[in-house]
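A short worksheet on the structure shown next.
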Amino acid sequence: MLAIKTLRDELLRAIFLVLLVTILFLRRIKAAAIVALTIPFSLISAFIFLYLFGRTINIISLLTLAIACGLVVDDAIVALENIIRHLERGGRPKTSAIYGASEVGMAMTASTMTVVVVFVPLMFVGGITGALFKELGFVMVVTLLASLFTALSMTPMLSAKWLETGSKEFAEEQSFWSKFSKTTEKFLVLIEDVYSRILAWALSHKKIVITGSILIFASSLAMVPFMGSSFIPDMDSGDVNVEFRLPEGTRIEETNQVMEKILQTISKTVKPEELRHSYAFDGQTEEGLGAAMGMDEGPNVGLIGFKLVDRDKRERSAKDIAGKLREQLERIPGISRMKVTATSPLSSLMMGGGKPIVIEVSGPDLNTNLKVAEQVKKIVQEVPGTTDVSLSQKDPRPELWVEVDREKASSFGLNLATIAGTVRTYFYGDTPTEFRDAGDSFDIFIRLSEADKNKLENLPEVPIFTPDGRMIKLKNIAEIKSGEGPVEIERKNRQRIVNVEADRYGRSLGEITNDIKDALKNVDIPPGVSVSFGGEIEEQQKAFKDLSLVLVLGSVLVYMVLASLYGNFRDPLIIMFSVPFALTGVFYAFGLTGTTLSLISYMGIIMLVGIVVKNAVILLDYTHLLQNRGQPLLEAITNAGRNRLRPILMTTAAMFFGMLPLAVSRGVGAEIWNPLGITMLGGLSVSTLVTLVLIPTVYCLFEERRLRKTAGIQKLGMDLS
């Protein structure tokens, strides 16, 4: 709930920043109000569909709305900016609304549909990826379609009613607002002049621009080998668990003593102002409730958990506190196995609370598996960043074996089931019947007394009754031996399996995995034994494979949508040149902030494929319009760049500041959405800067080639005639 509250606050901040950007660029209160109305209309549409399809408001849906608030105003901004341009040239409100919206209607539809088709494949992905992102794709598609409908209908209608010709609205405002508007207008005109000069230089130096762009992209690719990866970002929810296990056969009294030492260590390591509450238990329940909930039970097992205060109220992270506590607890003697984890609800939900690094050693023979697993364990312990390395196979437990002499037992008319049931009743207890009195029933529980059942020497002496009523002692028909046996044997795909498990601290999952893979190449694995990765590593590989398919499919769908709208294959190809530079911005952002490639950041990359082409679509569509009106190529490109610069900057700024709260958030759960915000900011920034120069340059190069080819064909036709 705290994470949802934090995300709700970030959503409100994002909406406020988007509205502020709109006001600063448009400098008309009524115009800003028209754009602002797009946000509630689009978000309300999303809530309606969530209700109709039985969805809930959760972290994913709120995160989607926070992303969408910067996107839903794009179409309205593009339409409104063009309408205002017509009004400032002296057009009537109604006429300006019609022509202004119709001029950019194609571009708005194309740019919105390119984003929509990216999210459609997400709605059909399965596994953990589908569980996380199906709702994101669903909400985003509904919200964007609602925003497009609003921009094509409500925005022109309100513009015709509320806006006035020229700058009459400015004259009615106070002097401060008028001065601010004039100053802002001069600044924007200056930016347009500078951009026009840069664009003119780029069109006359095409080889330099293209070569420089390739070098920028190549420089970002050089950072990829040094980029870490993870499955899901670690959320600091303040939950820390300490699980420990003493040697098998340890009495509960000794476990309690170790528990007290651990609690004392925790009180010294964790500051009182950092701790909210804690709990601890050891031993086992007769009903096996702990095992039913996935926890270890036994007289030698203990679990301690404590909850820290919210992240913004303490200086240290939960990971840092767990790491410091681990160093202190390793000094306590007698602990055979220990795990100190700073868990998060999201990772526990996805992975069941297991360790992130799991290496599965499987084969037909358990002893061989254990030998190989010990070798793998030593390798993992030497890899930097791994902690709490252990084997899933628990140490052998002391046992008493009752080996019944079947011939002797059968001579007395006894079978194994009867003997085992009788011995169990003596030492564990049974409820064979109940006592009824005045409508009430009471269980009759029979067992040896507490003193007698805890004496091992009483086991051979317990009486066994034959079917004919005779009593014999257990030692007369069975031999009692002491030994050891496995606590449990795990199997997977009909093979016995031993897992080497480890936690991580200070390094990303991808870096640790690569080091382990390199080290395992030198291990001599016996025939019949296989070593593979499980846990978060396995799920990460599956999820990245699914998302890679979605990325490729989304790129193909974007290209197909653009090709169907433009009626050719060349212009969509030119527009797609902006996509690689979104990756350039992402890689640089990851390097500067230390962000890893995870499911969340990968999702941001997929979203960028549809978002970054919006600016190129707006730029190229207006260039075609000016060419159709008779302007020469270079003049059409330069004028289109100058006229479309302002809406491009407005939409980019709206998306940028809409994502900014997600990137810089420090509240509870911020670790989940920080990578997404950083991914979007990096991709948008670099892609926009490169798109404004590279796309017109590449278009000019292709168009000049087409014009030369057309002129050559015409000349050839004239010569033939």
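Ordering of the structure tokens sets the chain letters (A, B, ...), residue numbers begin anew at 1 in every chain, and ligands are numbered from 1 in the order given.
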Residues within 12 Å of segment 229-233 of chain A, only C-alpha atoms, excluding chain neighbours under 4 positions, as an MDAnalysis selection string: chainID A and resid 128:129 132 224:225 237 343:351 356:357 504 507:514 535:544 590 594:603 669:676
Include C-alpha atoms and write out the residues we just selected as a PDB file, in the first residue's frame.
```
ATOM      1  CA  ILE A 128       6.057 -13.911 -15.588  1.00  0.00           C
ATOM      2  CA  THR A 129       6.466 -11.300 -18.338  1.00  0.00           C
ATOM      3  CA  LEU A 132       3.663  -8.139 -15.180  1.00  0.00           C
ATOM      4  CA  VAL A 224      27.108  -2.819 -23.577  1.00  0.00           C
ATOM      5  CA  PRO A 225      29.711  -5.369 -22.319  1.00  0.00           C
ATOM      6  CA  SER A 237      10.492  -2.504   1.468  1.00  0.00           C
ATOM      7  CA  THR A 343      13.444  -9.469   0.764  1.00  0.00           C
ATOM      8  CA  SER A 344      10.922  -7.517  -1.280  1.00  0.00           C
ATOM      9  CA  PRO A 345       7.257  -8.445  -1.743  1.00  0.00           C
ATOM     10  CA  LEU A 346       7.539  -8.333  -5.558  1.00  0.00           C
ATOM     11  CA  SER A 347      10.504 -10.717  -5.807  1.00  0.00           C
ATOM     12  CA  SER A 348       8.954 -12.997  -3.182  1.00  0.00           C
ATOM     13  CA  LEU A 349       5.744 -13.074  -5.197  1.00  0.00           C
ATOM     14  CA  MET A 350       7.590 -13.850  -8.433  1.00  0.00           C
ATOM     15  CA  MET A 351      10.200 -16.301  -7.138  1.00  0.00           C
ATOM     16  CA  PRO A 356      18.275 -15.390  -6.884  1.00  0.00           C
ATOM     17  CA  ILE A 357      21.248 -17.560  -7.930  1.00  0.00           C
ATOM     18  CA  ARG A 504      24.015 -11.501  -4.247  1.00  0.00           C
ATOM     19  CA  ARG A 507      26.998  -6.765  -8.050  1.00  0.00           C
ATOM     20  CA  SER A 508      24.326  -7.324 -10.659  1.00  0.00           C
ATOM     21  CA  LEU A 509      22.882 -10.744 -11.393  1.00  0.00           C
ATOM     22  CA  GLY A 510      24.199 -10.695 -14.960  1.00  0.00           C
ATOM     23  CA  GLU A 511      27.800  -9.976 -13.941  1.00  0.00           C
ATOM     24  CA  ILE A 512      27.798 -12.773 -11.364  1.00  0.00           C
ATOM     25  CA  THR A 513      26.197 -15.199 -13.817  1.00  0.00           C
ATOM     26  CA  ASN A 514      28.846 -14.516 -16.471  1.00  0.00           C
ATOM     27  CA  GLY A 535      16.002 -19.430 -10.083  1.00  0.00           C
ATOM     28  CA  GLU A 536      16.067 -15.804 -11.221  1.00  0.00           C
ATOM     29  CA  ILE A 537      18.746 -16.583 -13.818  1.00  0.00           C
ATOM     30  CA  GLU A 538      16.462 -19.026 -15.621  1.00  0.00           C
ATOM     31  CA  GLU A 539      13.444 -16.732 -15.363  1.00  0.00           C
ATOM     32  CA  GLN A 540      15.520 -13.777 -16.556  1.00  0.00           C
ATOM     33  CA  GLN A 541      16.601 -15.682 -19.650  1.00  0.00           C
ATOM     34  CA  LYS A 542      12.996 -16.661 -20.415  1.00  0.00           C
ATOM     35  CA  ALA A 543      11.691 -13.132 -19.836  1.00  0.00           C
ATOM     36  CA  PHE A 544      14.421 -11.484 -21.921  1.00  0.00           C
ATOM     37  CA  PHE A 590      22.624   3.257 -17.727  1.00  0.00           C
ATOM     38  CA  GLY A 594      24.566   2.564 -12.742  1.00  0.00           C
ATOM     39  CA  THR A 595      21.168   1.203 -13.805  1.00  0.00           C
ATOM     40  CA  THR A 596      20.994  -2.439 -14.873  1.00  0.00           C
ATOM     41  CA  LEU A 597      19.017  -3.993 -17.694  1.00  0.00           C
ATOM     42  CA  SER A 598      16.003  -5.620 -16.013  1.00  0.00           C
ATOM     43  CA  LEU A 599      12.442  -6.498 -16.983  1.00  0.00           C
ATOM     44  CA  ILE A 600      11.343  -2.975 -16.102  1.00  0.00           C
ATOM     45  CA  SER A 601      14.070  -1.155 -18.062  1.00  0.00           C
ATOM     46  CA  TYR A 602      13.656  -3.578 -20.986  1.00  0.00           C
ATOM     47  CA  MET A 603      10.005  -2.602 -21.037  1.00  0.00           C
ATOM     48  CA  GLY A 669       8.939   1.163  -3.906  1.00  0.00           C
ATOM     49  CA  ALA A 670      10.774   3.723  -6.050  1.00  0.00           C
ATOM     50  CA  GLU A 671      13.386   1.099  -6.977  1.00  0.00           C
ATOM     51  CA  ILE A 672      10.751  -0.570  -9.159  1.00  0.00           C
ATOM     52  CA  TRP A 673       9.976   2.395 -11.420  1.00  0.00           C
ATOM     53  CA  ASN A 674      13.299   4.306 -11.262  1.00  0.00           C
ATOM     54  CA  PRO A 675      14.862   2.167 -14.059  1.00  0.00           C
ATOM     55  CA  LEU A 676      11.851   2.774 -16.295  1.00  0.00           C
TER      56      LEU A 676
END
```
DSSP strand (DSSP E) selection over segment 412-546 of chain A, as a PyMOL selection string: chain A and resi 430-437+440-446+463-465+471-473+478-485+491-492+495-504+530-534
Excluding same-chain residues fewer than 5 positions from Asp430 of chain A, what lies within 8 Å of it counting only C-alpha atoms, as an mmCIF file with N, CA and C atoms, in the first residue's frame?
```cif
data_model
loop_
_atom_site.group_PDB
_atom_site.id
_atom_site.type_symbol
_atom_site.label_atom_id
_atom_site.label_comp_id
_atom_site.auth_asym_id
_atom_site.auth_seq_id
_atom_site.Cartn_x
_atom_site.Cartn_y
_atom_site.Cartn_z
ATOM 1 N N THR A 425 2.038 -44.736 17.737
ATOM 2 C CA THR A 425 1.097 -44.329 18.782
ATOM 3 C C THR A 425 1.803 -44.112 20.113
ATOM 4 N N PHE A 445 -6.755 -38.859 23.698
ATOM 5 C CA PHE A 445 -5.409 -38.896 23.135
ATOM 6 C C PHE A 445 -4.552 -39.848 23.960
ATOM 7 N N ILE A 446 -3.943 -40.831 23.298
ATOM 8 C CA ILE A 446 -3.121 -41.822 24.015
ATOM 9 C C ILE A 446 -1.678 -41.743 23.522
ATOM 10 N N ARG A 447 -0.745 -41.855 24.451
ATOM 11 C CA ARG A 447 0.680 -41.805 24.154
ATOM 12 C C ARG A 447 1.437 -42.142 25.428
#
```
Expected answer as number ranges by chain: alpha helix (DSSP H) residues in segment 381-548 of chain A: A: 381-382, 406-411, 416-427, 450-453, 509-520, 535-548
Non-local contacts of Ser147 of chain A (6 Å; only C-alpha atoms; under 2 positions in same chain excluded) as a PyMOL selection string: chain A and resi 42+72+144-145+149-150
Exercise: segment 199-204 of chain A partners within 8 Å, only C-alpha atoms, chain neighbours under 6 positions left out, as an MDAnalysis selection string: chainID A and resid 634 638 641 693 696:697 700
Near-Glu374 of chain A list (12 Å; only C-alpha atoms; drop same-chain fewer than 6 positions) as JSON, numbers by chain: {"A": [359, 360, 361, 367, 368, 380, 381, 389, 390, 391, 392, 393, 498, 499, 500, 501, 523, 525]}
Residue with smallest distance to Leu366 of chain A - pool A:Val529, A:Ile477, A:Ile59, A:Val309, counting only C-alpha atoms: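 Comparing A:Val529, A:Ile477, A:Ile59, A:Val309 against Leu366 of chain A, the winner is A:Val529.
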Closest of A:Phe53, A:Phe412, A:Phe306, A:Phe656 to Val139 of chain A - atom-to-atom distances counting only C-alpha atoms: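 Closest to Val139 of chain A, using only C-alpha atoms: A:Phe53.
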Straight-line distance linking atom CA of Asn643 of chain A with atom CA of His86 of chain A, stated in Å to one decimal: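 Between atom CA of Asn643 of chain A and atom CA of His86 of chain A the gap works out to 11.7 Å.
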